[in-house]
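What follows is a short report on a single structure.
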Amino acid sequence: MSCATYISTRGGHKPLTFLQATLTGQAEDGGLLLPAHLPDISGRLEDWRGLAYQSLCRALMAAFVDDVPEADLGALIDRSYADFNTDEVGNPAPLIPVSDRQVLELFHGPTLAFKDFGLQFLGNVFEYAISRQQAATLNVLCATSGDTGSAAIAGLKGKKHIRVFVLHPAGRVSKRQRLQMTTVLDENVHNIAVAGSFDDCQSIVKDIFSEHVFKQKHNLGAVNSINWARVLAQIVYYFHAYFQATKTAGEPVIFSIPTGNFGNILAGYLAARMGLPISKLILATNENNILATFFNQGKYQRGCVRYTLSPSMDIQVASNLERYLFSYFAGDPQKVIGFMRQFNEQGIASVTNGTPVDPLITACSVDDKTTLATMEAVYRQSGYRLDPHTAVGFKAAQILAPAPEMPVICLATAHPAKFPEATGDEKPNHPTLMQLESLPERYVELPADQQSVMAYISGQTDDN
Ligand SMILES: *Cc1c(COP(=O)(O)O)cnc(C)c1O
């Protein structure tokens, strides 16, 4: 099987093409979809060095996609990164020196967070796949605590034969985050403010997806971080950053990644396995340190969610970890199933006896107080503002790579103006966010109850 053939981490799904894997999201056997092989690109690095971002996307993605003609894939890629706004034309992900580190700015997309890299591409792939299959309108359903919802809306608004329904907890997302969603007035966008918590929103979505008749009838789709197209799009910026940070192939680099659902760092891990010379991946968590404990000690143990200054990383169960486990268990689905079953039943599962799991991945957890101190210190010393998520990764890099002999690239996952609550008196701002204040909003309010949400969706999709 080729790199463009997708299999499930649980071994119980027939092989799929790229478009099928993207539309499927989660495999029917409960697993996640992965390419059957990873290409070895180490011999091609120097050919790729001078490529502009979109050209690099084409070169890299071609290996993983064999059911979209090259010209079509190129057009999808061009459209996905056209709305990124940076000083350097053609570079949506600039690398900026900050003291003795480098910050990879991934926040120049339409919603100012790195999720735009995956969701802009996913939106275009969805539209393409549906128009080619002449399938019924796809109804995308998602729950958000903030960032994912706005990025999904920005990726799907105005797309043909797609509607998007986003549930957010009423009054519990920041004003800026709400405006980023509710001021999008495209007809195919439906914001639902649920009278409940984020957990309520998430469980309503989960329960609706398990209503098979309803799901089929309304052709429901998902855009969550396990979608392969998102991961694929994220692999590209690791390569692009590598070329910006080095002069010749073979020079090693370190990446530091603020981590929640393990989607972003998974892309870096796959890049390393494809032959990109990454000497270390630093996995940085906030006080929700389940993944840091897993990689340092081999023990994966569920806890309670703590609410922090970096809310997009307030996660206990990392939905993408299973793809890593598949590789850790050398592609043995039975071992993946056993581990996940034990974790789901007992809330704890182990792979080592207290020792680090992977020589490539080192991890640490950074608390809110240290995050704030890091934001302040970096601003004072370098005049550069980190958002709280990025600050977690920046601090982790200072702890785990204190005197680096190679470039240390810290991924900046959000623009600081998205999280002004975490900054002092001089609030950072951004024109994209400021203009939202004067725009009209549209959303419906519904009780935290599955039937009401299903009735609303039915009411909007009757012409299907
Ligand atoms: C989603 C998000 C993260 C976490 O990324 P994962 O892929 O879930 O690990 C970190 N920072 C910001 C700003 C995010 O929106």
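Each chain of the structure tokens is named A, B, ... in the order shown, its residues numbered from 1; ligands are numbered from 1 in display order.
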
- Message: Hey, which residues sit close to ligand 1? Say within 7 Å, counting only C-alpha atoms and all ligand atoms, and write them as a PyMOL selection string.
- Response: chain A and resi 113-115+147-148+225+258-265+312-313+389-390+413-414

- Task: Please return as an NGL selection string: the residues of region 201-343 of chain A that backbone DSSP assigns to helix (DSSP H, G or I).
- Result: :A and (201-209 or 212-217 or 228-245 or 263-273 or 290-297 or 311-313 or 321-328 or 333-343)

- Task: Have a look at CA of Arg230 (chain A) and CA of Gly123 (chain A) and let me know their distance in Å, one decimal.
- Result: 9.8 Å

- Item | Within 12 Å of Ser452 (chain A) using only C-alpha atoms, minus same-chain residues under 4 positions, as a PyMOL selection string | chain A and resi 192-195+204-205+208+444-448+456-459

- Within 12 Å of Asp83 (chain A), counting only C-alpha atoms, which residues show up once you throw out same-chain ones fewer than 2 positions away? Write them as an NGL selection string, please. :A and (77-81 or 85-86 or 89-92 or 107-112 or 116-117 or 120-121 or 154-155)

- Query: To one decimal place, how far is CA of Thr248 (chain A) from CA of Arg49 (chain A) in Å?
  - Reply: 8.7 Å

- From A:Thr352, A:Thr362, A:Thr370, A:Asn224, residue lying nearest Leu283 (chain A) [only C-alpha atoms]: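 The answer is A:Thr362, which sits nearest to Leu283 (chain A).
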
- For Gly158 (chain A), work out the shell of residues within 12 Å, counting only C-alpha atoms and skipping chain neighbours fewer than 6 positions away, then give it as a ChimeraX atom specification. /A:123-124,127,152,164,184-190

- Task: Find, counting only C-alpha atoms, the residue in A:Glu287, A:Gln346, A:Glu28, A:Asn139 that gets nearest to Gly11 (chain A).
- Result: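 Of A:Glu287, A:Gln346, A:Glu28, A:Asn139, the one nearest Gly11 (chain A), counting only C-alpha atoms, is A:Glu28.
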
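If you count only C-alpha atoms and ignore residues fewer than 3 places along the chain from Asp358 (chain A), what sits within 12 Å of it is Tyr269, Ser279, Lys280, Leu281, Ile282, Leu283, Ala292, Phe294, Phe295, Asn296, Gln297, Gly298, Tyr324, Leu325, Ser327, Tyr328, Phe329, Val351, Thr352, Thr355, Ile361, Thr362 and Ala363 of chain A.
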
- Message: Under the rule that only C-alpha atoms are counted, which of A:Leu156, A:Ala63, A:Ala391, A:Val317 is the nearest residue to Pro39 (chain A)?
- Response: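 Nearest to Pro39 (chain A): A:Ala63.
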
- Step one, run DSSP on the backbone; step two, keep only residues of region 22-152 of chain A assigned to strand (DSSP E); then write them as an MDAnalysis selection string. chainID A and resid 33:35 95:98 101:105 138:143

Write the residues you've just listed into a file as a PDB file, in the first residue's frame, and include N, CA, C and O atoms for each of them.
ATOM      1  N   LEU A  33      -7.437   7.550  11.163  1.00  0.00           N
ATOM      2  CA  LEU A  33      -6.872   7.176   9.870  1.00  0.00           C
ATOM      3  C   LEU A  33      -5.463   7.728   9.707  1.00  0.00           C
ATOM      4  O   LEU A  33      -5.183   8.862  10.103  1.00  0.00           O
ATOM      5  N   LEU A  34      -4.608   6.887   9.141  1.00  0.00           N
ATOM      6  CA  LEU A  34      -3.209   7.252   8.913  1.00  0.00           C
ATOM      7  C   LEU A  34      -2.765   6.713   7.568  1.00  0.00           C
ATOM      8  O   LEU A  34      -3.257   5.663   7.135  1.00  0.00           O
ATOM      9  N   PRO A  35      -1.784   7.378   6.911  1.00  0.00           N
ATOM     10  CA  PRO A  35      -1.239   6.779   5.684  1.00  0.00           C
ATOM     11  C   PRO A  35      -0.592   5.426   6.009  1.00  0.00           C
ATOM     12  O   PRO A  35       0.027   5.274   7.073  1.00  0.00           O
ATOM     13  N   LEU A  95       9.354  33.275  10.337  1.00  0.00           N
ATOM     14  CA  LEU A  95      10.162  32.896  11.503  1.00  0.00           C
ATOM     15  C   LEU A  95      10.863  34.157  12.011  1.00  0.00           C
ATOM     16  O   LEU A  95      11.593  34.810  11.273  1.00  0.00           O
ATOM     17  N   ILE A  96      10.628  34.487  13.285  1.00  0.00           N
ATOM     18  CA  ILE A  96      11.100  35.760  13.836  1.00  0.00           C
ATOM     19  C   ILE A  96      12.076  35.485  14.982  1.00  0.00           C
ATOM     20  O   ILE A  96      11.734  34.758  15.912  1.00  0.00           O
ATOM     21  N   PRO A  97      13.291  36.063  14.941  1.00  0.00           N
ATOM     22  CA  PRO A  97      14.202  35.865  16.080  1.00  0.00           C
ATOM     23  C   PRO A  97      13.709  36.630  17.307  1.00  0.00           C
ATOM     24  O   PRO A  97      13.336  37.798  17.204  1.00  0.00           O
ATOM     25  N   VAL A  98      13.673  35.945  18.447  1.00  0.00           N
ATOM     26  CA  VAL A  98      13.304  36.577  19.715  1.00  0.00           C
ATOM     27  C   VAL A  98      14.326  36.098  20.746  1.00  0.00           C
ATOM     28  O   VAL A  98      14.356  34.912  21.060  1.00  0.00           O
ATOM     29  N   ARG A 101      16.074  32.583  20.638  1.00  0.00           N
ATOM     30  CA  ARG A 101      15.133  31.590  20.082  1.00  0.00           C
ATOM     31  C   ARG A 101      14.558  32.145  18.793  1.00  0.00           C
ATOM     32  O   ARG A 101      14.740  33.304  18.466  1.00  0.00           O
ATOM     33  N   GLN A 102      13.779  31.315  18.126  1.00  0.00           N
ATOM     34  CA  GLN A 102      13.065  31.790  16.953  1.00  0.00           C
ATOM     35  C   GLN A 102      11.597  31.444  17.132  1.00  0.00           C
ATOM     36  O   GLN A 102      11.265  30.349  17.578  1.00  0.00           O
ATOM     37  N   VAL A 103      10.766  32.386  16.779  1.00  0.00           N
ATOM     38  CA  VAL A 103       9.327  32.174  16.943  1.00  0.00           C
ATOM     39  C   VAL A 103       8.705  31.991  15.563  1.00  0.00           C
ATOM     40  O   VAL A 103       8.873  32.835  14.679  1.00  0.00           O
ATOM     41  N   LEU A 104       8.017  30.874  15.384  1.00  0.00           N
ATOM     42  CA  LEU A 104       7.344  30.605  14.112  1.00  0.00           C
ATOM     43  C   LEU A 104       5.913  31.118  14.235  1.00  0.00           C
ATOM     44  O   LEU A 104       5.084  30.532  14.933  1.00  0.00           O
ATOM     45  N   GLU A 105       5.634  32.225  13.567  1.00  0.00           N
ATOM     46  CA  GLU A 105       4.319  32.867  13.709  1.00  0.00           C
ATOM     47  C   GLU A 105       3.282  32.162  12.838  1.00  0.00           C
ATOM     48  O   GLU A 105       3.254  32.326  11.623  1.00  0.00           O
ATOM     49  N   LEU A 138     -23.406  18.668   2.824  1.00  0.00           N
ATOM     50  CA  LEU A 138     -22.762  18.191   4.039  1.00  0.00           C
ATOM     51  C   LEU A 138     -23.096  19.160   5.167  1.00  0.00           C
ATOM     52  O   LEU A 138     -22.975  20.375   5.003  1.00  0.00           O
ATOM     53  N   ASN A 139     -23.528  18.627   6.288  1.00  0.00           N
ATOM     54  CA  ASN A 139     -23.816  19.458   7.451  1.00  0.00           C
ATOM     55  C   ASN A 139     -22.753  19.214   8.514  1.00  0.00           C
ATOM     56  O   ASN A 139     -22.736  18.177   9.154  1.00  0.00           O
ATOM     57  N   VAL A 140     -21.852  20.184   8.654  1.00  0.00           N
ATOM     58  CA  VAL A 140     -20.754  20.031   9.599  1.00  0.00           C
ATOM     59  C   VAL A 140     -21.220  20.523  10.965  1.00  0.00           C
ATOM     60  O   VAL A 140     -21.812  21.597  11.087  1.00  0.00           O
ATOM     61  N   LEU A 141     -20.949  19.697  11.967  1.00  0.00           N
ATOM     62  CA  LEU A 141     -21.395  20.000  13.317  1.00  0.00           C
ATOM     63  C   LEU A 141     -20.178  20.032  14.220  1.00  0.00           C
ATOM     64  O   LEU A 141     -19.366  19.097  14.196  1.00  0.00           O
ATOM     65  N   CYS A 142     -20.010  21.104  15.000  1.00  0.00           N
ATOM     66  CA  CYS A 142     -18.893  21.077  15.952  1.00  0.00           C
ATOM     67  C   CYS A 142     -19.199  21.879  17.209  1.00  0.00           C
ATOM     68  O   CYS A 142     -20.050  22.769  17.221  1.00  0.00           O
ATOM     69  N   ALA A 143     -18.516  21.486  18.279  1.00  0.00           N
ATOM     70  CA  ALA A 143     -18.623  22.186  19.557  1.00  0.00           C
ATOM     71  C   ALA A 143     -17.321  22.931  19.760  1.00  0.00           C
ATOM     72  O   ALA A 143     -16.262  22.440  19.377  1.00  0.00           O
TER      73      ALA A 143
END

- Message: Just checking: using only C-alpha atoms, which residue out of A:Leu179, A:Ile254, A:Ala52, A:Ile130 ends up closest to Lys159 (chain A)?
- Response: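 Of all the options, A:Ile130 lies closest to Lys159 (chain A).
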
- Message: From the options A:Gly393, A:Ile348, A:Pro431, A:Arg163, which residue's atoms come nearest to Thr137 (chain A), counting only C-alpha atoms?
- Response: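 Of A:Gly393, A:Ile348, A:Pro431, A:Arg163, the one nearest Thr137 (chain A) is A:Arg163, counting only C-alpha atoms.
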
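Using only C-alpha atoms, the nearest neighbour of Gln177 (chain A) within the list A:Asn191, A:Thr5, A:Gln435, A:Ser145 is A:Ser145.
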
- Message: Between CA of Cys364 (chain A) and CA of Gly118 (chain A), what distance in Å does the model show, to one decimal?
- Response: 25.4 Å
